[in-house]
file entry_33.cif (mmCIF, C-alpha atoms)
data_input
loop_
_atom_site.group_PDB
_atom_site.id
_atom_site.type_symbol
_atom_site.label_atom_id
_atom_site.label_comp_id
_atom_site.auth_asym_id
_atom_site.auth_seq_id
_atom_site.Cartn_x
_atom_site.Cartn_y
_atom_site.Cartn_z
ATOM 1 C CA MET B 1369 -15.152 11.280 -14.101
ATOM 2 C CA GLU B 1370 -12.154 8.964 -14.156
ATOM 3 C CA LEU B 1371 -12.749 5.214 -14.254
ATOM 4 C CA LYS B 1372 -10.045 2.649 -13.477
ATOM 5 C CA LEU B 1373 -10.677 -1.060 -13.851
ATOM 6 C CA THR B 1374 -9.100 -4.202 -15.216
ATOM 7 C CA LEU B 1375 -10.481 -5.281 -18.582
ATOM 8 C CA ASN B 1376 -9.566 -8.734 -19.819
ATOM 9 C CA GLY B 1377 -6.470 -8.729 -17.637
ATOM 10 C CA ARG B 1378 -5.256 -5.258 -18.620
ATOM 11 C CA PRO B 1379 -5.542 -2.099 -16.534
ATOM 12 C CA VAL B 1380 -7.746 0.520 -18.183
ATOM 13 C CA THR B 1381 -8.169 4.154 -17.205
ATOM 14 C CA ASP B 1382 -10.654 6.361 -19.030
ATOM 15 C CA HIS B 1383 -12.652 9.524 -18.521
ATOM 16 C CA ILE B 1384 -16.365 8.766 -18.742
ATOM 17 C CA ASP B 1385 -19.740 10.398 -18.393
ATOM 18 C CA PRO B 1386 -21.188 9.316 -15.008
ATOM 19 C CA GLY B 1387 -24.300 8.001 -16.785
ATOM 20 C CA LEU B 1388 -22.406 5.704 -19.182
ATOM 21 C CA LEU B 1389 -23.571 2.103 -19.090
ATOM 22 C CA LEU B 1390 -20.976 -0.625 -18.739
ATOM 23 C CA ILE B 1391 -22.048 -2.186 -22.056
ATOM 24 C CA ASP B 1392 -21.223 1.058 -23.867
ATOM 25 C CA PHE B 1393 -17.895 1.405 -22.067
ATOM 26 C CA LEU B 1394 -16.943 -2.148 -23.068
ATOM 27 C CA ARG B 1395 -17.962 -1.725 -26.697
ATOM 28 C CA ASN B 1396 -16.071 1.600 -26.806
ATOM 29 C CA HIS B 1397 -13.006 -0.417 -25.740
ATOM 30 C CA GLY B 1398 -13.346 -2.970 -28.546
ATOM 31 C CA CYS B 1399 -15.333 -5.656 -26.747
ATOM 32 C CA TYR B 1400 -17.866 -6.327 -29.486
ATOM 33 C CA SER B 1401 -18.894 -9.740 -28.164
ATOM 34 C CA VAL B 1402 -20.980 -7.822 -25.618
ATOM 35 C CA LYS B 1403 -24.268 -7.454 -27.444
ATOM 36 C CA ARG B 1404 -27.227 -5.172 -27.024
ATOM 37 C CA GLY B 1405 -30.393 -7.223 -27.273
ATOM 38 C CA CYS B 1406 -33.431 -6.257 -25.249
ATOM 39 C CA GLU B 1407 -32.325 -3.114 -23.380
ATOM 40 C CA THR B 1408 -34.321 -4.387 -20.376
ATOM 41 C CA SER B 1409 -31.909 -6.856 -18.711
ATOM 42 C CA GLY B 1410 -33.949 -9.793 -19.912
ATOM 43 C CA CYS B 1411 -31.969 -11.496 -22.686
ATOM 44 C CA GLY B 1412 -28.440 -12.132 -21.352
ATOM 45 C CA LEU B 1413 -26.676 -11.007 -24.535
ATOM 46 C CA CYS B 1414 -24.674 -8.424 -22.596
ATOM 47 C CA THR B 1415 -23.357 -10.871 -19.973
ATOM 48 C CA VAL B 1416 -19.804 -10.283 -18.777
ATOM 49 C CA LEU B 1417 -17.899 -11.510 -15.746
ATOM 50 C CA MET B 1418 -17.164 -9.022 -12.982
ATOM 51 C CA ASP B 1419 -14.715 -10.484 -10.498
ATOM 52 C CA GLY B 1420 -15.610 -13.890 -11.943
ATOM 53 C CA ARG B 1421 -19.388 -13.548 -11.517
ATOM 54 C CA PRO B 1422 -21.811 -13.058 -14.429
ATOM 55 C CA ILE B 1423 -23.509 -9.672 -14.600
ATOM 56 C CA LEU B 1424 -25.656 -7.891 -17.164
ATOM 57 C CA SER B 1425 -23.618 -4.986 -18.482
ATOM 58 C CA CYS B 1426 -26.676 -3.232 -19.943
ATOM 59 C CA SER B 1427 -28.110 -2.624 -16.492
ATOM 60 C CA MET B 1428 -25.005 -1.405 -14.706
ATOM 61 C CA LEU B 1429 -23.327 1.978 -14.786
ATOM 62 C CA ALA B 1430 -19.691 1.758 -15.854
ATOM 63 C CA ALA B 1431 -18.733 3.759 -12.760
ATOM 64 C CA ARG B 1432 -19.872 0.844 -10.565
ATOM 65 C CA ALA B 1433 -17.161 -1.321 -12.161
ATOM 66 C CA ALA B 1434 -14.406 0.943 -10.795
ATOM 67 C CA GLY B 1435 -11.673 -1.115 -9.184
ATOM 68 C CA HIS B 1436 -13.141 -4.393 -10.417
ATOM 69 C CA SER B 1437 -11.963 -6.972 -12.934
ATOM 70 C CA ILE B 1438 -14.188 -7.322 -15.995
ATOM 71 C CA HIS B 1439 -13.859 -10.165 -18.490
ATOM 72 C CA THR B 1440 -15.598 -10.355 -21.824
ATOM 73 C CA LEU B 1441 -15.461 -13.166 -24.344
ATOM 74 C CA GLU B 1442 -12.518 -11.406 -26.009
ATOM 75 C CA GLY B 1443 -10.469 -12.075 -22.883
ATOM 76 C CA LEU B 1444 -11.589 -15.682 -22.450
ATOM 77 C CA GLN B 1445 -11.072 -17.092 -25.937
ATOM 78 C CA GLU B 1446 -8.933 -20.019 -24.832
ATOM 79 C CA GLU B 1447 -11.332 -21.087 -22.088
ATOM 80 C CA ALA B 1448 -14.345 -20.634 -24.370
ATOM 81 C CA ALA B 1449 -12.762 -22.601 -27.224
ATOM 82 C CA ASP B 1450 -12.766 -25.688 -25.021
ATOM 83 C CA PHE B 1451 -16.536 -26.108 -25.187
ATOM 84 C CA ALA B 1452 -17.916 -23.729 -27.842
ATOM 85 C CA GLY B 1453 -17.428 -26.385 -30.522
ATOM 86 C CA PHE B 1454 -19.551 -28.820 -28.545
ATOM 87 C CA ILE B 1455 -22.419 -26.310 -28.589
ATOM 88 C CA ALA B 1456 -21.969 -25.731 -32.324
ATOM 89 C CA ASP B 1457 -21.965 -29.495 -32.974
ATOM 90 C CA GLN B 1458 -25.481 -29.628 -31.560
ATOM 91 C CA GLY B 1459 -26.758 -26.939 -33.940
ATOM 92 C CA ALA B 1460 -27.340 -24.652 -30.994
ATOM 93 C CA ASP B 1461 -25.665 -21.654 -32.602
ATOM 94 C CA GLN B 1462 -27.865 -21.094 -35.626
ATOM 95 C CA CYS B 1463 -27.437 -17.334 -35.932
ATOM 96 C CA GLY B 1464 -24.778 -17.015 -33.227
ATOM 97 C CA PHE B 1465 -26.111 -13.774 -31.780
ATOM 98 C CA CYS B 1466 -26.841 -15.261 -28.351
ATOM 99 C CA ASN B 1467 -23.645 -17.325 -28.162
ATOM 100 C CA PRO B 1468 -21.445 -14.845 -26.278
ATOM 101 C CA GLY B 1469 -23.952 -14.641 -23.411
ATOM 102 C CA PHE B 1470 -24.338 -18.422 -23.283
ATOM 103 C CA VAL B 1471 -20.564 -18.903 -23.368
ATOM 104 C CA MET B 1472 -19.967 -16.352 -20.593
ATOM 105 C CA ASN B 1473 -22.586 -17.955 -18.355
ATOM 106 C CA THR B 1474 -21.272 -21.441 -19.109
ATOM 107 C CA ILE B 1475 -17.742 -20.367 -18.161
ATOM 108 C CA ALA B 1476 -19.057 -18.937 -14.890
ATOM 109 C CA LEU B 1477 -21.081 -22.095 -14.223
ATOM 110 C CA LEU B 1478 -18.188 -24.484 -14.868
ATOM 111 C CA ARG B 1479 -15.829 -22.416 -12.729
ATOM 112 C CA GLU B 1480 -18.326 -22.561 -9.867
ATOM 113 C CA ASN B 1481 -19.521 -26.124 -10.432
ATOM 114 C CA PRO B 1482 -17.338 -28.328 -12.671
ATOM 115 C CA ASP B 1483 -19.915 -31.157 -12.761
ATOM 116 C CA PRO B 1484 -23.391 -29.606 -12.829
ATOM 117 C CA THR B 1485 -26.644 -31.488 -13.166
ATOM 118 C CA ASP B 1486 -28.987 -30.725 -16.064
ATOM 119 C CA ASP B 1487 -31.193 -28.687 -13.719
ATOM 120 C CA GLU B 1488 -28.190 -26.663 -12.521
ATOM 121 C CA ILE B 1489 -27.186 -25.963 -16.126
ATOM 122 C CA ARG B 1490 -30.732 -24.885 -16.996
ATOM 123 C CA MET B 1491 -30.863 -22.614 -13.937
ATOM 124 C CA PHE B 1492 -27.549 -20.955 -14.798
ATOM 125 C CA LEU B 1493 -28.535 -20.391 -18.427
ATOM 126 C CA ALA B 1494 -32.108 -19.306 -17.688
ATOM 127 C CA GLY B 1495 -31.357 -15.626 -18.266
ATOM 128 C CA ASN B 1496 -30.148 -16.162 -21.834
ATOM 129 C CA LEU B 1497 -32.664 -15.888 -24.634
ATOM 130 C CA CYS B 1498 -32.196 -17.744 -27.911
ATOM 131 C CA ARG B 1499 -34.751 -17.055 -30.597
ATOM 132 C CA CYS B 1500 -33.370 -19.567 -33.132
ATOM 133 C CA SER B 1501 -32.834 -22.833 -31.415
ATOM 134 C CA GLY B 1502 -34.317 -23.366 -28.010
ATOM 135 C CA TYR B 1503 -32.159 -24.609 -25.224
ATOM 136 C CA ASP B 1504 -31.864 -28.348 -25.672
ATOM 137 C CA GLY B 1505 -28.933 -27.982 -28.080
ATOM 138 C CA GLN B 1506 -26.986 -25.848 -25.622
ATOM 139 C CA LEU B 1507 -27.703 -28.329 -22.847
ATOM 140 C CA ARG B 1508 -26.611 -31.285 -25.017
ATOM 141 C CA GLY B 1509 -23.457 -29.418 -26.045
ATOM 142 C CA ILE B 1510 -22.489 -28.681 -22.443
ATOM 143 C CA ARG B 1511 -23.288 -32.276 -21.441
ATOM 144 C CA ASN B 1512 -21.129 -33.625 -24.323
ATOM 145 C CA TYR B 1513 -18.293 -31.315 -23.304
ATOM 146 C CA LEU B 1514 -18.472 -32.514 -19.692
ATOM 147 C CA GLU B 1515 -18.500 -36.145 -20.817
ATOM 148 C CA SER B 1516 -15.481 -35.511 -23.051
ATOM 149 C CA ARG B 1517 -13.663 -33.936 -20.129
ATOM 150 C CA ARG B 1518 -14.455 -36.937 -17.927
ATOM 151 C CA LYS B 1519 -13.072 -39.301 -20.562
ATOM 152 C CA GLU B 1520 -9.876 -37.225 -20.788
ATOM 153 C CA HIS B 1521 -9.356 -37.448 -17.032
ATOM 154 C CA ARG B 1522 -9.892 -41.224 -17.090
ATOM 155 C CA ALA B 1523 -7.361 -41.739 -19.877
#

call {"tool": "encode", "arguments": {"input": "entry_33.cif", "output": "structure tokens"}}
result
Amino acid sequence: MELKLTLNGRPVTDHIDPGLLLIDFLRNHGCYSVKRGCETSGCGLCTVLMDGRPILSCSMLAARAAGHSIHTLEGLQEEAADFAGFIADQGADQCGFCNPGFVMNTIALLRENPDPTDDEIRMFLAGNLCRCSGYDGQLRGIRNYLESRRKEHRA
């Protein structure tokens, strides 16, 4: 079947097997930030944005993305660079495997709510598993980023 969608701002047309998962389609198109972790939609490593909303690409058929806009970390490098360093400064990226999912969900959160509470951050990141660090480092990194942004706006 033919699939047409927008991937990281570029139109893509491809012929796919109707049973192809979106994660496999994305990796076949060079989006290696999209990781395969649990295969059960429970870890968040495969998170991408579809029309600006976070989805798990391992639990969605690629055909369902037809006509939609999909963004992976590869297409959001500039936006991600703004706060990824703050997460790293907190030691929250020990192995780095979970980072793309955390970054994608953080981008979605900050687009929806530019000044979230700690509970709102925790809720948004709840679907991301990190086996190395725990979640306090990510929370501190996001908090530090938000504080830095506030200081910039005051200056």

call {"tool": "closest_residue", "arguments": {"input": "entry_33.cif", "among": "B:Arg1404, B:Leu1394, B:Glu1480, B:Leu1514", "to": "Cys1466 of chain B", "atoms": "all atoms listed in the file"}}
result
B:Arg1404

call {"tool": "closest_residue", "arguments": {"input": "entry_33.cif", "among": "B:Gly1505, B:Gly1453, B:Gly1412, B:Pro1386", "to": "Ser1427 of chain B", "atoms": "only C-alpha atoms"}}
result
B:Gly1412

call {"tool": "residues_near_point", "arguments": {"input": "entry_33.cif", "point": "(-29.1, -28.3, -14.1)", "cutoff": "12 Å", "atoms": "all atoms listed in the file", "output": "number ranges by chain"}}
result
B: 1474, 1477-1478, 1481-1494, 1504, 1506-1508, 1510-1511

call {"tool": "closest_residue", "arguments": {"input": "entry_33.cif", "among": "B:Asn1396, B:Ser1516, B:Thr1440, B:Asn1376", "to": "Leu1413 of chain B", "atoms": "only C-alpha atoms"}}
result
B:Thr1440

call {"tool": "axis_aligned_box", "arguments": {"input": "entry_33.cif", "around": "segment 1513-1516 of chain B", "padding_each_side": "5 Å", "output": "AutoDock Vina command-line options"}}
result
--center_x -17.0 --center_y -33.7 --center_z -21.5 --size_x 13.0 --size_y 14.8 --size_z 13.6

call {"tool": "closest_residue", "arguments": {"input": "entry_33.cif", "among": "B:Arg1395, B:Arg1432, B:His1439, B:Arg1517", "to": "Leu1375 of chain B", "atoms": "all atoms listed in the file"}}
result
B:His1439

call {"tool": "build_atoms", "arguments": {"input": "entry_33.cif", "residues": "segment 1406-1439 of chain B", "atoms": "N, CA and C atoms", "output": "mmCIF file, in the frame of the given file"}}
result
data_model
loop_
_atom_site.group_PDB
_atom_site.id
_atom_site.type_symbol
_atom_site.label_atom_id
_atom_site.label_comp_id
_atom_site.auth_asym_id
_atom_site.auth_seq_id
_atom_site.Cartn_x
_atom_site.Cartn_y
_atom_site.Cartn_z
ATOM 1 N N CYS B 1406 -32.085 -6.654 -25.658
ATOM 2 C CA CYS B 1406 -33.431 -6.257 -25.249
ATOM 3 C C CYS B 1406 -33.494 -4.880 -24.616
ATOM 4 N N GLU B 1407 -32.378 -4.404 -24.081
ATOM 5 C CA GLU B 1407 -32.325 -3.114 -23.380
ATOM 6 C C GLU B 1407 -33.120 -3.121 -22.074
ATOM 7 N N THR B 1408 -33.542 -4.314 -21.612
ATOM 8 C CA THR B 1408 -34.321 -4.387 -20.376
ATOM 9 C C THR B 1408 -33.771 -5.414 -19.392
ATOM 10 N N SER B 1409 -32.553 -5.872 -19.592
ATOM 11 C CA SER B 1409 -31.909 -6.856 -18.711
ATOM 12 C C SER B 1409 -32.588 -8.215 -18.743
ATOM 13 N N GLY B 1410 -33.216 -8.541 -19.857
ATOM 14 C CA GLY B 1410 -33.949 -9.793 -19.912
ATOM 15 C C GLY B 1410 -33.421 -10.836 -20.874
ATOM 16 N N CYS B 1411 -32.365 -10.530 -21.651
ATOM 17 C CA CYS B 1411 -31.969 -11.496 -22.686
ATOM 18 C C CYS B 1411 -30.610 -12.142 -22.446
ATOM 19 N N GLY B 1412 -29.737 -11.540 -21.657
ATOM 20 C CA GLY B 1412 -28.440 -12.132 -21.352
ATOM 21 C C GLY B 1412 -27.361 -11.910 -22.398
ATOM 22 N N LEU B 1413 -27.666 -11.215 -23.476
ATOM 23 C CA LEU B 1413 -26.676 -11.007 -24.535
ATOM 24 C C LEU B 1413 -25.510 -10.130 -24.096
ATOM 25 N N CYS B 1414 -25.705 -9.356 -23.062
ATOM 26 C CA CYS B 1414 -24.674 -8.424 -22.596
ATOM 27 C C CYS B 1414 -23.886 -8.976 -21.408
ATOM 28 N N THR B 1415 -23.997 -10.272 -21.144
ATOM 29 C CA THR B 1415 -23.357 -10.871 -19.973
ATOM 30 C C THR B 1415 -21.837 -10.773 -20.052
ATOM 31 N N VAL B 1416 -21.253 -10.311 -18.966
ATOM 32 C CA VAL B 1416 -19.804 -10.283 -18.777
ATOM 33 C C VAL B 1416 -19.524 -10.815 -17.378
ATOM 34 N N LEU B 1417 -18.264 -11.084 -17.095
ATOM 35 C CA LEU B 1417 -17.899 -11.510 -15.746
ATOM 36 C C LEU B 1417 -17.254 -10.338 -15.021
ATOM 37 N N MET B 1418 -17.781 -10.033 -13.843
ATOM 38 C CA MET B 1418 -17.164 -9.022 -12.982
ATOM 39 C C MET B 1418 -16.651 -9.767 -11.755
ATOM 40 N N ASP B 1419 -15.354 -9.737 -11.584
ATOM 41 C CA ASP B 1419 -14.715 -10.484 -10.498
ATOM 42 C C ASP B 1419 -15.136 -11.957 -10.530
ATOM 43 N N GLY B 1420 -15.291 -12.478 -11.758
ATOM 44 C CA GLY B 1420 -15.610 -13.890 -11.943
ATOM 45 C C GLY B 1420 -17.082 -14.244 -11.908
ATOM 46 N N ARG B 1421 -17.946 -13.289 -11.620
ATOM 47 C CA ARG B 1421 -19.388 -13.548 -11.517
ATOM 48 C C ARG B 1421 -20.113 -12.929 -12.709
ATOM 49 N N PRO B 1422 -21.087 -13.626 -13.288
ATOM 50 C CA PRO B 1422 -21.811 -13.058 -14.429
ATOM 51 C C PRO B 1422 -22.703 -11.890 -14.011
ATOM 52 N N ILE B 1423 -22.633 -10.836 -14.803
ATOM 53 C CA ILE B 1423 -23.509 -9.672 -14.600
ATOM 54 C C ILE B 1423 -24.028 -9.226 -15.960
ATOM 55 N N LEU B 1424 -25.097 -8.461 -15.941
ATOM 56 C CA LEU B 1424 -25.656 -7.891 -17.164
ATOM 57 C C LEU B 1424 -25.107 -6.478 -17.316
ATOM 58 N N SER B 1425 -24.289 -6.277 -18.324
ATOM 59 C CA SER B 1425 -23.618 -4.986 -18.482
ATOM 60 C C SER B 1425 -24.556 -3.893 -18.976
ATOM 61 N N CYS B 1426 -25.739 -4.254 -19.475
ATOM 62 C CA CYS B 1426 -26.676 -3.232 -19.943
ATOM 63 C C CYS B 1426 -27.431 -2.576 -18.793
ATOM 64 N N SER B 1427 -27.346 -3.174 -17.614
ATOM 65 C CA SER B 1427 -28.110 -2.624 -16.492
ATOM 66 C C SER B 1427 -27.202 -2.137 -15.365
ATOM 67 N N MET B 1428 -25.952 -1.869 -15.724
ATOM 68 C CA MET B 1428 -25.005 -1.405 -14.706
ATOM 69 C C MET B 1428 -24.240 -0.204 -15.234
ATOM 70 N N LEU B 1429 -24.137 0.818 -14.407
ATOM 71 C CA LEU B 1429 -23.327 1.978 -14.786
ATOM 72 C C LEU B 1429 -21.862 1.573 -14.788
ATOM 73 N N ALA B 1430 -21.122 2.066 -15.762
ATOM 74 C CA ALA B 1430 -19.691 1.758 -15.854
ATOM 75 C C ALA B 1430 -18.968 2.171 -14.577
ATOM 76 N N ALA B 1431 -19.382 3.267 -13.975
ATOM 77 C CA ALA B 1431 -18.733 3.759 -12.760
ATOM 78 C C ALA B 1431 -18.764 2.732 -11.632
ATOM 79 N N ARG B 1432 -19.780 1.876 -11.612
ATOM 80 C CA ARG B 1432 -19.872 0.844 -10.565
ATOM 81 C C ARG B 1432 -18.836 -0.259 -10.738
ATOM 82 N N ALA B 1433 -18.192 -0.315 -11.903
ATOM 83 C CA ALA B 1433 -17.161 -1.321 -12.161
ATOM 84 C C ALA B 1433 -15.776 -0.833 -11.729
ATOM 85 N N ALA B 1434 -15.699 0.381 -11.214
ATOM 86 C CA ALA B 1434 -14.406 0.943 -10.795
ATOM 87 C C ALA B 1434 -13.728 0.014 -9.794
ATOM 88 N N GLY B 1435 -12.457 -0.277 -10.073
ATOM 89 C CA GLY B 1435 -11.673 -1.115 -9.184
ATOM 90 C C GLY B 1435 -11.901 -2.609 -9.350
ATOM 91 N N HIS B 1436 -12.813 -2.984 -10.218
ATOM 92 C CA HIS B 1436 -13.141 -4.393 -10.417
ATOM 93 C C HIS B 1436 -12.444 -4.953 -11.654
ATOM 94 N N SER B 1437 -12.492 -6.269 -11.775
ATOM 95 C CA SER B 1437 -11.963 -6.972 -12.934
ATOM 96 C C SER B 1437 -13.135 -7.417 -13.796
ATOM 97 N N ILE B 1438 -13.136 -6.979 -15.047
ATOM 98 C CA ILE B 1438 -14.188 -7.322 -15.995
ATOM 99 C C ILE B 1438 -13.586 -8.204 -17.084
ATOM 100 N N HIS B 1439 -14.268 -9.307 -17.377
ATOM 101 C CA HIS B 1439 -13.859 -10.165 -18.490
ATOM 102 C C HIS B 1439 -15.010 -10.283 -19.473
#
